[in-house]
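Pasted below: input.cif, mmCIF, N, CA and C atoms.
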data_structure
#
loop_
_atom_site.label_atom_id
_atom_site.label_comp_id
_atom_site.auth_asym_id
_atom_site.auth_seq_id
_atom_site.Cartn_x
_atom_site.Cartn_y
_atom_site.Cartn_z
N MET S 1419 123.14 22.14 -10.70
CA MET S 1419 122.57 21.73 -11.98
C MET S 1419 123.70 21.59 -12.97
N ASP S 1420 123.69 20.49 -13.75
CA ASP S 1420 124.77 20.25 -14.70
C ASP S 1420 124.60 21.13 -15.95
N PRO S 1421 125.72 21.47 -16.59
CA PRO S 1421 125.62 22.28 -17.80
C PRO S 1421 125.02 21.44 -18.94
N LEU S 1422 124.06 22.00 -19.62
CA LEU S 1422 123.41 21.27 -20.70
C LEU S 1422 124.02 21.65 -22.03
N PRO S 1423 124.18 20.66 -22.92
CA PRO S 1423 124.67 20.99 -24.26
C PRO S 1423 123.60 21.77 -25.03
N LYS S 1424 124.03 22.48 -26.05
CA LYS S 1424 123.10 23.22 -26.89
C LYS S 1424 122.14 22.24 -27.55
N PRO S 1425 120.84 22.50 -27.45
CA PRO S 1425 119.88 21.60 -28.10
C PRO S 1425 119.95 21.72 -29.62
N PRO S 1426 119.45 20.70 -30.32
CA PRO S 1426 119.44 20.77 -31.78
C PRO S 1426 118.62 21.96 -32.28
N ASP S 1427 118.96 22.44 -33.46
CA ASP S 1427 118.26 23.58 -34.06
C ASP S 1427 116.77 23.35 -34.17
N THR S 1428 116.35 22.14 -34.51
CA THR S 1428 114.93 21.85 -34.65
C THR S 1428 114.20 22.05 -33.32
N PHE S 1429 114.82 21.65 -32.23
CA PHE S 1429 114.22 21.85 -30.91
C PHE S 1429 114.07 23.34 -30.62
N ILE S 1430 115.11 24.10 -30.91
CA ILE S 1430 115.06 25.55 -30.68
C ILE S 1430 113.95 26.18 -31.52
N GLU S 1431 113.87 25.81 -32.77
CA GLU S 1431 112.82 26.36 -33.65
C GLU S 1431 111.44 26.00 -33.13
N PHE S 1432 111.26 24.76 -32.69
CA PHE S 1432 109.96 24.32 -32.17
C PHE S 1432 109.57 25.12 -30.94
N THR S 1433 110.52 25.30 -30.01
CA THR S 1433 110.19 26.02 -28.78
C THR S 1433 109.93 27.50 -29.04
N GLN S 1434 110.56 28.06 -30.06
CA GLN S 1434 110.27 29.45 -30.42
C GLN S 1434 108.89 29.57 -31.04
N ARG S 1435 108.50 28.57 -31.78
CA ARG S 1435 107.18 28.57 -32.43
C ARG S 1435 106.07 28.31 -31.42
N PHE S 1436 106.35 27.48 -30.40
CA PHE S 1436 105.36 27.09 -29.40
C PHE S 1436 105.90 27.35 -27.99
N PRO S 1437 106.03 28.61 -27.60
CA PRO S 1437 106.65 28.93 -26.30
C PRO S 1437 105.89 28.38 -25.09
N LYS S 1438 104.58 28.26 -25.17
CA LYS S 1438 103.83 27.72 -24.03
C LYS S 1438 104.14 26.24 -23.84
N LEU S 1439 104.29 25.50 -24.93
CA LEU S 1439 104.69 24.10 -24.81
C LEU S 1439 106.10 24.00 -24.24
N ALA S 1440 106.99 24.90 -24.66
CA ALA S 1440 108.35 24.89 -24.14
C ALA S 1440 108.36 25.13 -22.64
N GLU S 1441 107.57 26.06 -22.18
CA GLU S 1441 107.49 26.35 -20.75
C GLU S 1441 106.92 25.15 -19.98
N ALA S 1442 105.88 24.53 -20.52
CA ALA S 1442 105.30 23.35 -19.88
C ALA S 1442 106.34 22.23 -19.81
N TRP S 1443 107.10 22.06 -20.85
CA TRP S 1443 108.14 21.02 -20.89
C TRP S 1443 109.20 21.28 -19.81
N ARG S 1444 109.59 22.56 -19.67
CA ARG S 1444 110.57 22.94 -18.66
C ARG S 1444 110.03 22.63 -17.26
N LEU S 1445 108.77 22.93 -17.02
CA LEU S 1445 108.16 22.67 -15.71
C LEU S 1445 108.08 21.18 -15.41
N VAL S 1446 107.75 20.38 -16.41
CA VAL S 1446 107.71 18.93 -16.23
C VAL S 1446 109.09 18.42 -15.83
N GLY S 1447 110.11 18.91 -16.50
CA GLY S 1447 111.47 18.49 -16.17
C GLY S 1447 111.85 18.85 -14.75
N GLU S 1448 111.50 20.04 -14.32
CA GLU S 1448 111.79 20.48 -12.95
C GLU S 1448 111.03 19.66 -11.92
N ALA S 1449 109.82 19.25 -12.26
CA ALA S 1449 108.98 18.51 -11.32
C ALA S 1449 109.55 17.13 -11.00
N GLY S 1450 110.42 16.62 -11.86
CA GLY S 1450 111.00 15.30 -11.63
C GLY S 1450 112.21 15.31 -10.72
N GLY S 1451 112.55 16.45 -10.16
CA GLY S 1451 113.72 16.54 -9.29
C GLY S 1451 113.54 15.75 -8.01
N GLY S 1452 114.65 15.36 -7.42
CA GLY S 1452 114.60 14.59 -6.18
C GLY S 1452 115.99 14.27 -5.69
N PRO S 1453 116.13 13.18 -4.95
CA PRO S 1453 117.40 12.89 -4.30
C PRO S 1453 118.51 12.38 -5.22
N LEU S 1454 118.20 11.95 -6.43
CA LEU S 1454 119.25 11.46 -7.32
C LEU S 1454 120.13 12.62 -7.78
N ASP S 1455 121.43 12.37 -7.84
CA ASP S 1455 122.31 13.41 -8.34
C ASP S 1455 122.19 13.50 -9.86
N GLY S 1456 122.84 14.48 -10.45
CA GLY S 1456 122.73 14.72 -11.88
C GLY S 1456 123.14 13.55 -12.74
N ARG S 1457 124.26 12.90 -12.39
CA ARG S 1457 124.73 11.76 -13.17
C ARG S 1457 123.73 10.61 -13.12
N ALA S 1458 123.27 10.29 -11.92
CA ALA S 1458 122.31 9.18 -11.79
C ALA S 1458 121.02 9.51 -12.53
N SER S 1459 120.56 10.75 -12.42
CA SER S 1459 119.34 11.15 -13.13
C SER S 1459 119.51 10.99 -14.62
N ARG S 1460 120.67 11.38 -15.15
CA ARG S 1460 120.92 11.27 -16.59
C ARG S 1460 120.96 9.81 -17.04
N LEU S 1461 121.51 8.92 -16.23
CA LEU S 1461 121.53 7.50 -16.59
C LEU S 1461 120.12 6.91 -16.57
N VAL S 1462 119.31 7.33 -15.59
CA VAL S 1462 117.92 6.86 -15.55
C VAL S 1462 117.16 7.36 -16.78
N LYS S 1463 117.34 8.63 -17.12
CA LYS S 1463 116.65 9.18 -18.31
C LYS S 1463 117.08 8.42 -19.57
N LEU S 1464 118.36 8.07 -19.65
CA LEU S 1464 118.83 7.28 -20.80
C LEU S 1464 118.15 5.92 -20.82
N ALA S 1465 118.08 5.27 -19.68
CA ALA S 1465 117.45 3.96 -19.62
C ALA S 1465 115.97 4.02 -20.01
N VAL S 1466 115.28 5.03 -19.54
CA VAL S 1466 113.86 5.18 -19.89
C VAL S 1466 113.70 5.44 -21.38
N SER S 1467 114.56 6.27 -21.94
CA SER S 1467 114.52 6.56 -23.38
C SER S 1467 114.76 5.30 -24.20
N ILE S 1468 115.71 4.48 -23.74
CA ILE S 1468 115.99 3.22 -24.41
C ILE S 1468 114.78 2.30 -24.33
N GLY S 1469 114.23 2.15 -23.14
CA GLY S 1469 113.08 1.26 -22.97
C GLY S 1469 111.88 1.68 -23.78
N ALA S 1470 111.72 2.99 -23.97
CA ALA S 1470 110.60 3.50 -24.76
C ALA S 1470 110.90 3.48 -26.25
N MET S 1471 112.15 3.15 -26.61
CA MET S 1471 112.58 3.09 -28.01
C MET S 1471 112.32 4.41 -28.74
N ARG S 1472 112.73 5.50 -28.11
CA ARG S 1472 112.57 6.84 -28.68
C ARG S 1472 113.94 7.34 -29.11
N GLU S 1473 114.22 7.27 -30.40
CA GLU S 1473 115.53 7.60 -30.93
C GLU S 1473 115.98 9.02 -30.55
N GLY S 1474 115.11 10.00 -30.75
CA GLY S 1474 115.47 11.37 -30.41
C GLY S 1474 115.75 11.54 -28.94
N ALA S 1475 114.96 10.88 -28.10
CA ALA S 1475 115.18 10.96 -26.66
C ALA S 1475 116.50 10.30 -26.26
N VAL S 1476 116.85 9.20 -26.94
CA VAL S 1476 118.14 8.56 -26.68
C VAL S 1476 119.27 9.50 -27.05
N HIS S 1477 119.19 10.13 -28.23
CA HIS S 1477 120.22 11.10 -28.62
C HIS S 1477 120.37 12.18 -27.56
N SER S 1478 119.25 12.75 -27.15
CA SER S 1478 119.26 13.82 -26.15
C SER S 1478 119.82 13.33 -24.82
N ALA S 1479 119.39 12.16 -24.39
CA ALA S 1479 119.85 11.62 -23.11
C ALA S 1479 121.36 11.37 -23.11
N VAL S 1480 121.88 10.90 -24.23
CA VAL S 1480 123.33 10.67 -24.31
C VAL S 1480 124.07 12.00 -24.25
N ARG S 1481 123.62 12.99 -25.03
CA ARG S 1481 124.29 14.31 -25.00
C ARG S 1481 124.30 14.87 -23.59
N LYS S 1482 123.16 14.82 -22.92
CA LYS S 1482 123.05 15.39 -21.57
C LYS S 1482 123.84 14.57 -20.55
N ALA S 1483 123.85 13.25 -20.71
CA ALA S 1483 124.62 12.40 -19.80
C ALA S 1483 126.12 12.72 -19.91
N LEU S 1484 126.61 12.82 -21.12
CA LEU S 1484 128.02 13.14 -21.31
C LEU S 1484 128.36 14.49 -20.70
N ALA S 1485 127.46 15.47 -20.88
CA ALA S 1485 127.69 16.81 -20.33
C ALA S 1485 127.71 16.80 -18.80
N SER S 1486 127.05 15.81 -18.19
CA SER S 1486 127.03 15.74 -16.72
C SER S 1486 128.15 14.87 -16.17
N GLY S 1487 129.04 14.41 -17.05
CA GLY S 1487 130.19 13.64 -16.58
C GLY S 1487 130.09 12.15 -16.70
N VAL S 1488 129.00 11.64 -17.24
CA VAL S 1488 128.85 10.21 -17.46
C VAL S 1488 129.85 9.80 -18.55
N THR S 1489 130.47 8.65 -18.37
CA THR S 1489 131.46 8.17 -19.33
C THR S 1489 130.82 7.33 -20.43
N ARG S 1490 131.55 7.18 -21.51
CA ARG S 1490 131.11 6.31 -22.62
C ARG S 1490 130.84 4.90 -22.10
N GLU S 1491 131.72 4.42 -21.23
CA GLU S 1491 131.57 3.06 -20.70
C GLU S 1491 130.28 2.92 -19.89
N GLU S 1492 129.92 3.95 -19.15
CA GLU S 1492 128.68 3.91 -18.38
C GLU S 1492 127.46 3.93 -19.30
N VAL S 1493 127.51 4.74 -20.35
CA VAL S 1493 126.42 4.76 -21.34
C VAL S 1493 126.29 3.38 -21.97
N GLU S 1494 127.41 2.79 -22.34
CA GLU S 1494 127.37 1.47 -22.98
C GLU S 1494 126.87 0.39 -22.02
N GLN S 1495 127.16 0.52 -20.72
CA GLN S 1495 126.62 -0.44 -19.77
C GLN S 1495 125.10 -0.36 -19.69
N VAL S 1496 124.55 0.85 -19.75
CA VAL S 1496 123.09 1.00 -19.75
C VAL S 1496 122.50 0.29 -20.97
N ILE S 1497 123.16 0.42 -22.11
CA ILE S 1497 122.69 -0.28 -23.31
C ILE S 1497 122.71 -1.79 -23.07
N ALA S 1498 123.83 -2.29 -22.58
CA ALA S 1498 123.96 -3.73 -22.35
C ALA S 1498 122.92 -4.23 -21.35
N LEU S 1499 122.66 -3.47 -20.30
CA LEU S 1499 121.66 -3.87 -19.31
C LEU S 1499 120.25 -3.92 -19.91
N SER S 1500 120.01 -3.11 -20.93
CA SER S 1500 118.68 -3.08 -21.54
C SER S 1500 118.38 -4.32 -22.39
N ALA S 1501 119.41 -5.03 -22.81
CA ALA S 1501 119.23 -6.14 -23.75
C ALA S 1501 118.26 -7.21 -23.24
N SER S 1502 118.34 -7.53 -21.96
CA SER S 1502 117.48 -8.59 -21.44
C SER S 1502 116.02 -8.17 -21.34
N THR S 1503 115.77 -6.87 -21.42
CA THR S 1503 114.41 -6.36 -21.33
C THR S 1503 113.82 -6.05 -22.70
N ILE S 1504 114.58 -5.38 -23.55
CA ILE S 1504 114.02 -4.95 -24.84
C ILE S 1504 114.36 -5.89 -25.99
N GLY S 1505 115.28 -6.85 -25.76
CA GLY S 1505 115.63 -7.81 -26.79
C GLY S 1505 116.84 -7.38 -27.60
N PHE S 1506 117.44 -8.37 -28.27
CA PHE S 1506 118.69 -8.14 -28.99
C PHE S 1506 118.53 -7.19 -30.18
N PRO S 1507 117.55 -7.40 -31.07
CA PRO S 1507 117.44 -6.49 -32.21
C PRO S 1507 117.21 -5.03 -31.79
N ALA S 1508 116.38 -4.81 -30.80
CA ALA S 1508 116.14 -3.45 -30.33
C ALA S 1508 117.40 -2.86 -29.69
N THR S 1509 118.16 -3.69 -28.99
CA THR S 1509 119.39 -3.21 -28.36
C THR S 1509 120.41 -2.80 -29.40
N VAL S 1510 120.50 -3.54 -30.49
CA VAL S 1510 121.42 -3.18 -31.57
C VAL S 1510 120.98 -1.85 -32.19
N ALA S 1511 119.67 -1.64 -32.35
CA ALA S 1511 119.19 -0.36 -32.87
C ALA S 1511 119.58 0.77 -31.92
N VAL S 1512 119.37 0.58 -30.63
CA VAL S 1512 119.73 1.59 -29.65
C VAL S 1512 121.23 1.86 -29.69
N PHE S 1513 122.02 0.82 -29.83
CA PHE S 1513 123.48 0.98 -29.92
C PHE S 1513 123.84 1.90 -31.08
N SER S 1514 123.14 1.75 -32.20
CA SER S 1514 123.43 2.63 -33.35
C SER S 1514 123.04 4.07 -33.04
N TRP S 1515 121.94 4.28 -32.32
CA TRP S 1515 121.52 5.64 -31.97
C TRP S 1515 122.53 6.29 -31.02
N VAL S 1516 123.01 5.51 -30.07
CA VAL S 1516 123.98 6.03 -29.11
C VAL S 1516 125.29 6.37 -29.81
N ARG S 1517 125.69 5.52 -30.74
CA ARG S 1517 126.93 5.79 -31.49
C ARG S 1517 126.81 7.05 -32.33
N ASP S 1518 125.59 7.40 -32.77
CA ASP S 1518 125.42 8.67 -33.49
C ASP S 1518 126.02 9.82 -32.70
N VAL S 1519 125.81 9.80 -31.40
CA VAL S 1519 126.28 10.89 -30.54
C VAL S 1519 127.71 10.62 -30.06
N LEU S 1520 128.00 9.40 -29.61
CA LEU S 1520 129.32 9.10 -29.08
C LEU S 1520 130.41 9.25 -30.14
N ASP S 1521 130.13 8.78 -31.35
CA ASP S 1521 131.15 8.77 -32.40
C ASP S 1521 131.15 10.01 -33.26
N HIS S 1522 130.00 10.69 -33.35
CA HIS S 1522 129.89 11.81 -34.27
C HIS S 1522 129.49 13.11 -33.59
N GLY S 1523 129.16 13.05 -32.33
CA GLY S 1523 128.80 14.25 -31.60
C GLY S 1523 127.36 14.69 -31.79
N GLU S 1524 126.76 14.24 -32.84
CA GLU S 1524 125.36 14.61 -33.15
C GLU S 1524 124.74 13.50 -33.98
N PRO S 1525 123.44 13.36 -33.89
CA PRO S 1525 122.78 12.40 -34.79
C PRO S 1525 122.83 12.89 -36.22
N PRO S 1526 122.79 11.97 -37.18
CA PRO S 1526 122.76 12.41 -38.57
C PRO S 1526 121.48 13.17 -38.87
N SER S 1527 121.54 14.15 -39.74
CA SER S 1527 120.34 14.91 -40.09
C SER S 1527 119.62 14.24 -41.23
N GLY S 1528 118.33 14.56 -41.32
CA GLY S 1528 117.54 14.09 -42.45
C GLY S 1528 116.92 12.81 -42.17
#

Take the structure I supplied and represent it as structure tokens, if you would.
Amino acid sequence: MDPLPKPPDTFIEFTQRFPKLAEAWRLVGEAGGGPLDGRASRLVKLAVSIGAMREGAVHSAVRKALASGVTREEVEQVIALSASTIGFPATVAVFSWVRDVLDHGEPPSG
């Protein structure tokens, strides 16, 4: 199992407030295990987050992908591959979300 980066404070607060939801979330994550290695799994999770246009999930997927050894270039290739499916304006938005993590280490707060 790859080392995971520390989750954002808001996530920690939420899971402390709702521990049963946190446990259910952990179980869902474990249930998705299979033959893909950690890096491949992280790239797939990034692609799914991009396709669903979920900014927070994209931030999380990038942090976790980097922690598992995925390179910036590989993350950027996933963005580029998404363009033909989600369209140019959405891809530019995703690019900005990914840069929040790649360039600043964390998404902006507020």

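Distances here use only N, CA and C atoms; by that measure, the residue among S:Arg1457, S:Ser1486, S:Val1496, S:His1477 closest to Asp1518 of chain S is S:His1477.
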
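In this model, the gap between atom CA of Val1488 of chain S and atom C of Arg1460 of chain S comes to 7.9 Å.
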
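Listed by chain and then by number, the residues chosen by the PyMOL selection byres ((chain S and resi 1462-1470) around 7) in this file are Arg1457, Ala1458, Ser1459, Arg1460, Leu1461, Met1471, Arg1472, Glu1473, Ala1475, Val1476, Ala1479, Val1480, Val1496, Ile1504 and Val1512 of chain S.
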
**OP:** Name the residues of chain S that come out as helix (DSSP H, G or I) in a backbone DSSP run; write them as a PyMOL selection string.
**Re:** chain S and resi 1427-1435+1437-1449+1456-1469+1473-1485+1490-1504+1506-1522

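The closest residue to Leu1422 of chain S, picked from S:Pro1507, S:Trp1443, S:Ala1485, S:Lys1438 and counting all atoms listed in the file, is S:Ala1485.
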
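Proximity ranking of S:Arg1435, S:Gly1474, S:Glu1494, S:Gly1523 relative to Val1510 of chain S places S:Glu1494 first, based on only C-alpha atoms.
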
Subject >> Separation of atom CA of Asp1455 of chain S from atom CA of Thr1503 of chain S, in Å and rounded to one decimal >> reply: 24.9 Å

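Distance-wise, atom CA of Phe1432 of chain S and atom CA of Arg1444 of chain S end up 13.6 Å apart.
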
Would you compute, for all listed atoms of segment 1465-1480 of chain S, the axis-aligned bounding box grown by 3 Å on each side, and then report its centre and edge lengths in Å rounded to one decimal, as AutoDock Vina command-line options?
--center_x 117.3 --center_y 7.5 --center_z -25.2 --size_x 19.5 --size_y 18.6 --size_z 17.4
